[in-house]
Amino acid sequence: MKISISELDKYWFYWIVQFSRDNQLSQAAKRVSATGDGQYYVYWSVALLFFHPQGQQFFNLVLGSFIVEFPLYLLLKNSIRRHRPCHALADFDSGFEPSDKFSLPSGHTAGAFVFASVVHVVFPSLAPIAFAWACFVGASRIGLGVHYPLDIIAGAGLGMGSVMLVEQLML
């Protein structure tokens, strides 16, 4: 029996979602997901710019990486046009309405992995915490029913790849 990537993606989606159906976990997923909203990257980067000796390096790498990541994210999302599970699966109600209708790649996850990757470059001792947080942001997006696991993997790759590219260009 052959299983397609799409079927496997849906299987893992339902497997992950079953754990987040508890109201407390659903509320936690909303809170974790919100930490991946874009304004927090600006706040942290500007604060470090003014208050930490490595703040300029951090700020420049975050800014450059988002300049690469965001247009690629928009291009991919609007070219692939994969519908979110909360809109595509007839037997699923997420109870959460995302800001747009396409899911691949996950922008929250891409942003979180940009930020975690920059933390890895500038503050390597904090990298495990930053990457754990980024993984929780991605998992929260699945738990909320707005992304499939492959959307999260693509977002993580886009975020990390953007930082690696910009880091090489800044050398």
# chains A, B, ... in the order shown; residues from 1 in each chain; ligands from 1
>>> closest_atom_pairs(of="stretch 119-161 of chain A", to="stretch 67-84 of chain A", cutoff="8 Å", atoms="only C-alpha atoms", output="CSV")
residue,atom,partner,partner_atom,distance
A:Gly145,CA,A:Arg84,CA,7.9
A:Val146,CA,A:Arg84,CA,5.5
A:His147,CA,A:Arg84,CA,5.9
A:Tyr148,CA,A:Arg84,CA,7.6
A:Leu158,CA,A:Glu69,CA,6.6
A:Gly159,CA,A:Glu69,CA,6.4
>>> write_last_selection(atoms="N, CA and C atoms", output="PDB file, in the first residue's frame")
ATOM      1  N   GLY A 145      -4.986  24.250  14.361  1.00  0.00           N
ATOM      2  CA  GLY A 145      -5.683  23.779  13.167  1.00  0.00           C
ATOM      3  C   GLY A 145      -5.491  24.633  11.943  1.00  0.00           C
ATOM      4  N   VAL A 146      -4.450  25.472  11.926  1.00  0.00           N
ATOM      5  CA  VAL A 146      -4.254  26.369  10.789  1.00  0.00           C
ATOM      6  C   VAL A 146      -3.079  25.974   9.895  1.00  0.00           C
ATOM      7  N   HIS A 147      -2.329  24.941  10.291  1.00  0.00           N
ATOM      8  CA  HIS A 147      -1.220  24.461   9.474  1.00  0.00           C
ATOM      9  C   HIS A 147      -1.070  22.952   9.573  1.00  0.00           C
ATOM     10  N   TYR A 148      -0.601  22.375   8.483  1.00  0.00           N
ATOM     11  CA  TYR A 148      -0.191  20.975   8.458  1.00  0.00           C
ATOM     12  C   TYR A 148       1.271  20.888   8.898  1.00  0.00           C
ATOM     13  N   LEU A 158      12.638  27.747   5.621  1.00  0.00           N
ATOM     14  CA  LEU A 158      12.702  29.093   5.048  1.00  0.00           C
ATOM     15  C   LEU A 158      13.364  30.055   6.027  1.00  0.00           C
ATOM     16  N   GLY A 159      12.970  29.993   7.290  1.00  0.00           N
ATOM     17  CA  GLY A 159      13.555  30.889   8.291  1.00  0.00           C
ATOM     18  C   GLY A 159      15.043  30.651   8.480  1.00  0.00           C
TER      19      GLY A 159
END
>>> closest_residue(among="A:Ala110, A:Val42, A:Ile153, A:Ala116", to="A:Ala130", atoms="only C-alpha atoms")
A:Ala116
>>> closest_residue(among="A:Ser140, A:Ser117, A:Gln39, A:Ser106", to="A:Gln27", atoms="only C-alpha atoms")
A:Ser140
>>> select_by_dssp(residues="stretch 85-159 of chain A", states="alpha helix (DSSP H)", output="compact mmCIF listing (two decimals) with N, CA and C atoms, in the first residue's frame")
# COMPACT_ATOMS: atom_id res chain seq x y z
N PRO A 85 -5.82 23.64 6.80
CA PRO A 85 -6.67 22.52 7.21
C PRO A 85 -8.01 22.96 7.78
N CYS A 86 -8.05 24.10 8.45
CA CYS A 86 -9.32 24.58 9.01
C CYS A 86 -10.32 24.95 7.92
N HIS A 87 -9.83 25.15 6.69
CA HIS A 87 -10.72 25.45 5.57
C HIS A 87 -10.87 24.27 4.61
N ALA A 88 -9.88 23.39 4.58
CA ALA A 88 -9.86 22.32 3.58
C ALA A 88 -10.48 21.01 4.07
N GLY A 107 4.14 31.20 8.09
CA GLY A 107 4.86 32.46 8.33
C GLY A 107 5.27 32.63 9.78
N HIS A 108 4.41 32.21 10.72
CA HIS A 108 4.78 32.29 12.13
C HIS A 108 6.03 31.45 12.40
N THR A 109 6.05 30.26 11.81
CA THR A 109 7.19 29.37 12.03
C THR A 109 8.43 29.91 11.35
N ALA A 110 8.29 30.44 10.14
CA ALA A 110 9.44 31.01 9.45
C ALA A 110 10.04 32.15 10.27
N GLY A 111 9.18 33.04 10.77
CA GLY A 111 9.66 34.15 11.59
C GLY A 111 10.33 33.69 12.86
N ALA A 112 9.72 32.69 13.51
CA ALA A 112 10.30 32.17 14.76
C ALA A 112 11.67 31.55 14.51
N PHE A 113 11.82 30.86 13.38
CA PHE A 113 13.11 30.24 13.07
C PHE A 113 14.13 31.26 12.58
N VAL A 114 13.69 32.35 11.96
CA VAL A 114 14.62 33.44 11.67
C VAL A 114 15.19 33.94 13.00
N PHE A 115 14.31 34.24 13.92
CA PHE A 115 14.73 34.80 15.20
C PHE A 115 15.62 33.82 15.98
N ALA A 116 15.22 32.56 16.04
CA ALA A 116 16.01 31.55 16.76
C ALA A 116 17.38 31.36 16.11
N SER A 117 17.42 31.39 14.79
CA SER A 117 18.70 31.22 14.08
C SER A 117 19.64 32.39 14.33
N VAL A 118 19.08 33.59 14.40
CA VAL A 118 19.90 34.76 14.71
C VAL A 118 20.41 34.67 16.16
N VAL A 119 19.56 34.23 17.06
CA VAL A 119 20.02 34.00 18.44
C VAL A 119 21.17 33.01 18.43
N HIS A 120 21.05 31.95 17.64
CA HIS A 120 22.11 30.94 17.53
C HIS A 120 23.43 31.56 17.07
N VAL A 121 23.37 32.47 16.12
CA VAL A 121 24.58 33.09 15.58
C VAL A 121 25.19 34.06 16.58
N VAL A 122 24.37 34.90 17.19
CA VAL A 122 24.88 35.99 18.03
C VAL A 122 25.03 35.57 19.50
N ALA A 127 20.79 29.41 22.16
CA ALA A 127 20.19 28.76 21.00
C ALA A 127 19.23 27.62 21.36
N PRO A 128 19.56 26.74 22.30
CA PRO A 128 18.60 25.67 22.62
C PRO A 128 17.24 26.20 23.07
N ILE A 129 17.25 27.24 23.87
CA ILE A 129 15.98 27.84 24.33
C ILE A 129 15.24 28.46 23.15
N ALA A 130 15.97 29.18 22.30
CA ALA A 130 15.35 29.85 21.16
C ALA A 130 14.76 28.84 20.17
N PHE A 131 15.49 27.76 19.90
CA PHE A 131 14.96 26.76 18.96
C PHE A 131 13.81 25.97 19.57
N ALA A 132 13.85 25.72 20.87
CA ALA A 132 12.71 25.05 21.52
C ALA A 132 11.47 25.93 21.40
N TRP A 133 11.63 27.24 21.66
CA TRP A 133 10.51 28.16 21.52
C TRP A 133 9.98 28.15 20.09
N ALA A 134 10.89 28.21 19.10
CA ALA A 134 10.46 28.22 17.69
C ALA A 134 9.69 26.94 17.35
N CYS A 135 10.13 25.81 17.88
CA CYS A 135 9.41 24.55 17.65
C CYS A 135 8.02 24.59 18.28
N PHE A 136 7.92 25.18 19.48
CA PHE A 136 6.61 25.32 20.13
C PHE A 136 5.69 26.24 19.33
N VAL A 137 6.24 27.30 18.75
CA VAL A 137 5.43 28.17 17.90
C VAL A 137 4.87 27.36 16.73
N GLY A 138 5.73 26.60 16.06
CA GLY A 138 5.27 25.77 14.95
C GLY A 138 4.22 24.76 15.37
N ALA A 139 4.47 24.06 16.48
CA ALA A 139 3.51 23.07 16.97
C ALA A 139 2.18 23.72 17.34
N SER A 140 2.24 24.92 17.89
CA SER A 140 1.00 25.62 18.26
C SER A 140 0.15 25.91 17.04
N ARG A 141 0.80 26.18 15.91
CA ARG A 141 0.05 26.47 14.68
C ARG A 141 -0.69 25.23 14.19
N ILE A 142 -0.08 24.06 14.37
CA ILE A 142 -0.78 22.81 14.04
C ILE A 142 -1.92 22.60 15.03
N GLY A 143 -1.62 22.77 16.32
CA GLY A 143 -2.63 22.58 17.36
C GLY A 143 -3.84 23.48 17.18
N PRO A 149 1.72 19.72 9.32
CA PRO A 149 3.14 19.58 9.70
C PRO A 149 4.13 19.99 8.60
N LEU A 150 3.83 19.68 7.35
CA LEU A 150 4.77 20.07 6.28
C LEU A 150 4.86 21.59 6.12
N ASP A 151 3.80 22.31 6.45
CA ASP A 151 3.84 23.78 6.43
C ASP A 151 4.87 24.27 7.44
N ILE A 152 4.91 23.60 8.59
CA ILE A 152 5.82 23.96 9.67
C ILE A 152 7.26 23.66 9.26
N ILE A 153 7.47 22.50 8.68
CA ILE A 153 8.82 22.13 8.23
C ILE A 153 9.30 23.12 7.17
N ALA A 154 8.42 23.48 6.24
CA ALA A 154 8.79 24.45 5.20
C ALA A 154 9.09 25.82 5.80
N GLY A 155 8.29 26.24 6.76
CA GLY A 155 8.54 27.52 7.43
C GLY A 155 9.86 27.53 8.17
N ALA A 156 10.16 26.44 8.87
CA ALA A 156 11.43 26.34 9.60
C ALA A 156 12.60 26.40 8.62
N GLY A 157 12.49 25.68 7.52
CA GLY A 157 13.56 25.70 6.52
C GLY A 157 13.74 27.08 5.90
N LEU A 158 12.64 27.75 5.62
CA LEU A 158 12.70 29.09 5.05
C LEU A 158 13.36 30.05 6.03
N GLY A 159 12.97 29.99 7.29
CA GLY A 159 13.56 30.89 8.29
C GLY A 159 15.04 30.65 8.48
>>> atom_distance(atom1="atom CA of A:Leu171", atom2="atom CA of A:Gly36")
27.9 Å
>>> atom_distance(atom1="atom CA of A:Gly161", atom2="atom CA of A:Asn60")
16.1 Å
>>> atom_distance(atom1="atom CA of A:Ser6", atom2="atom CA of A:Asp100")
20.9 Å
>>> closest_residue(among="A:Ala29, A:Leu61, A:Ala34, A:Met164", to="A:Val17", atoms="only C-alpha atoms")
A:Ala29
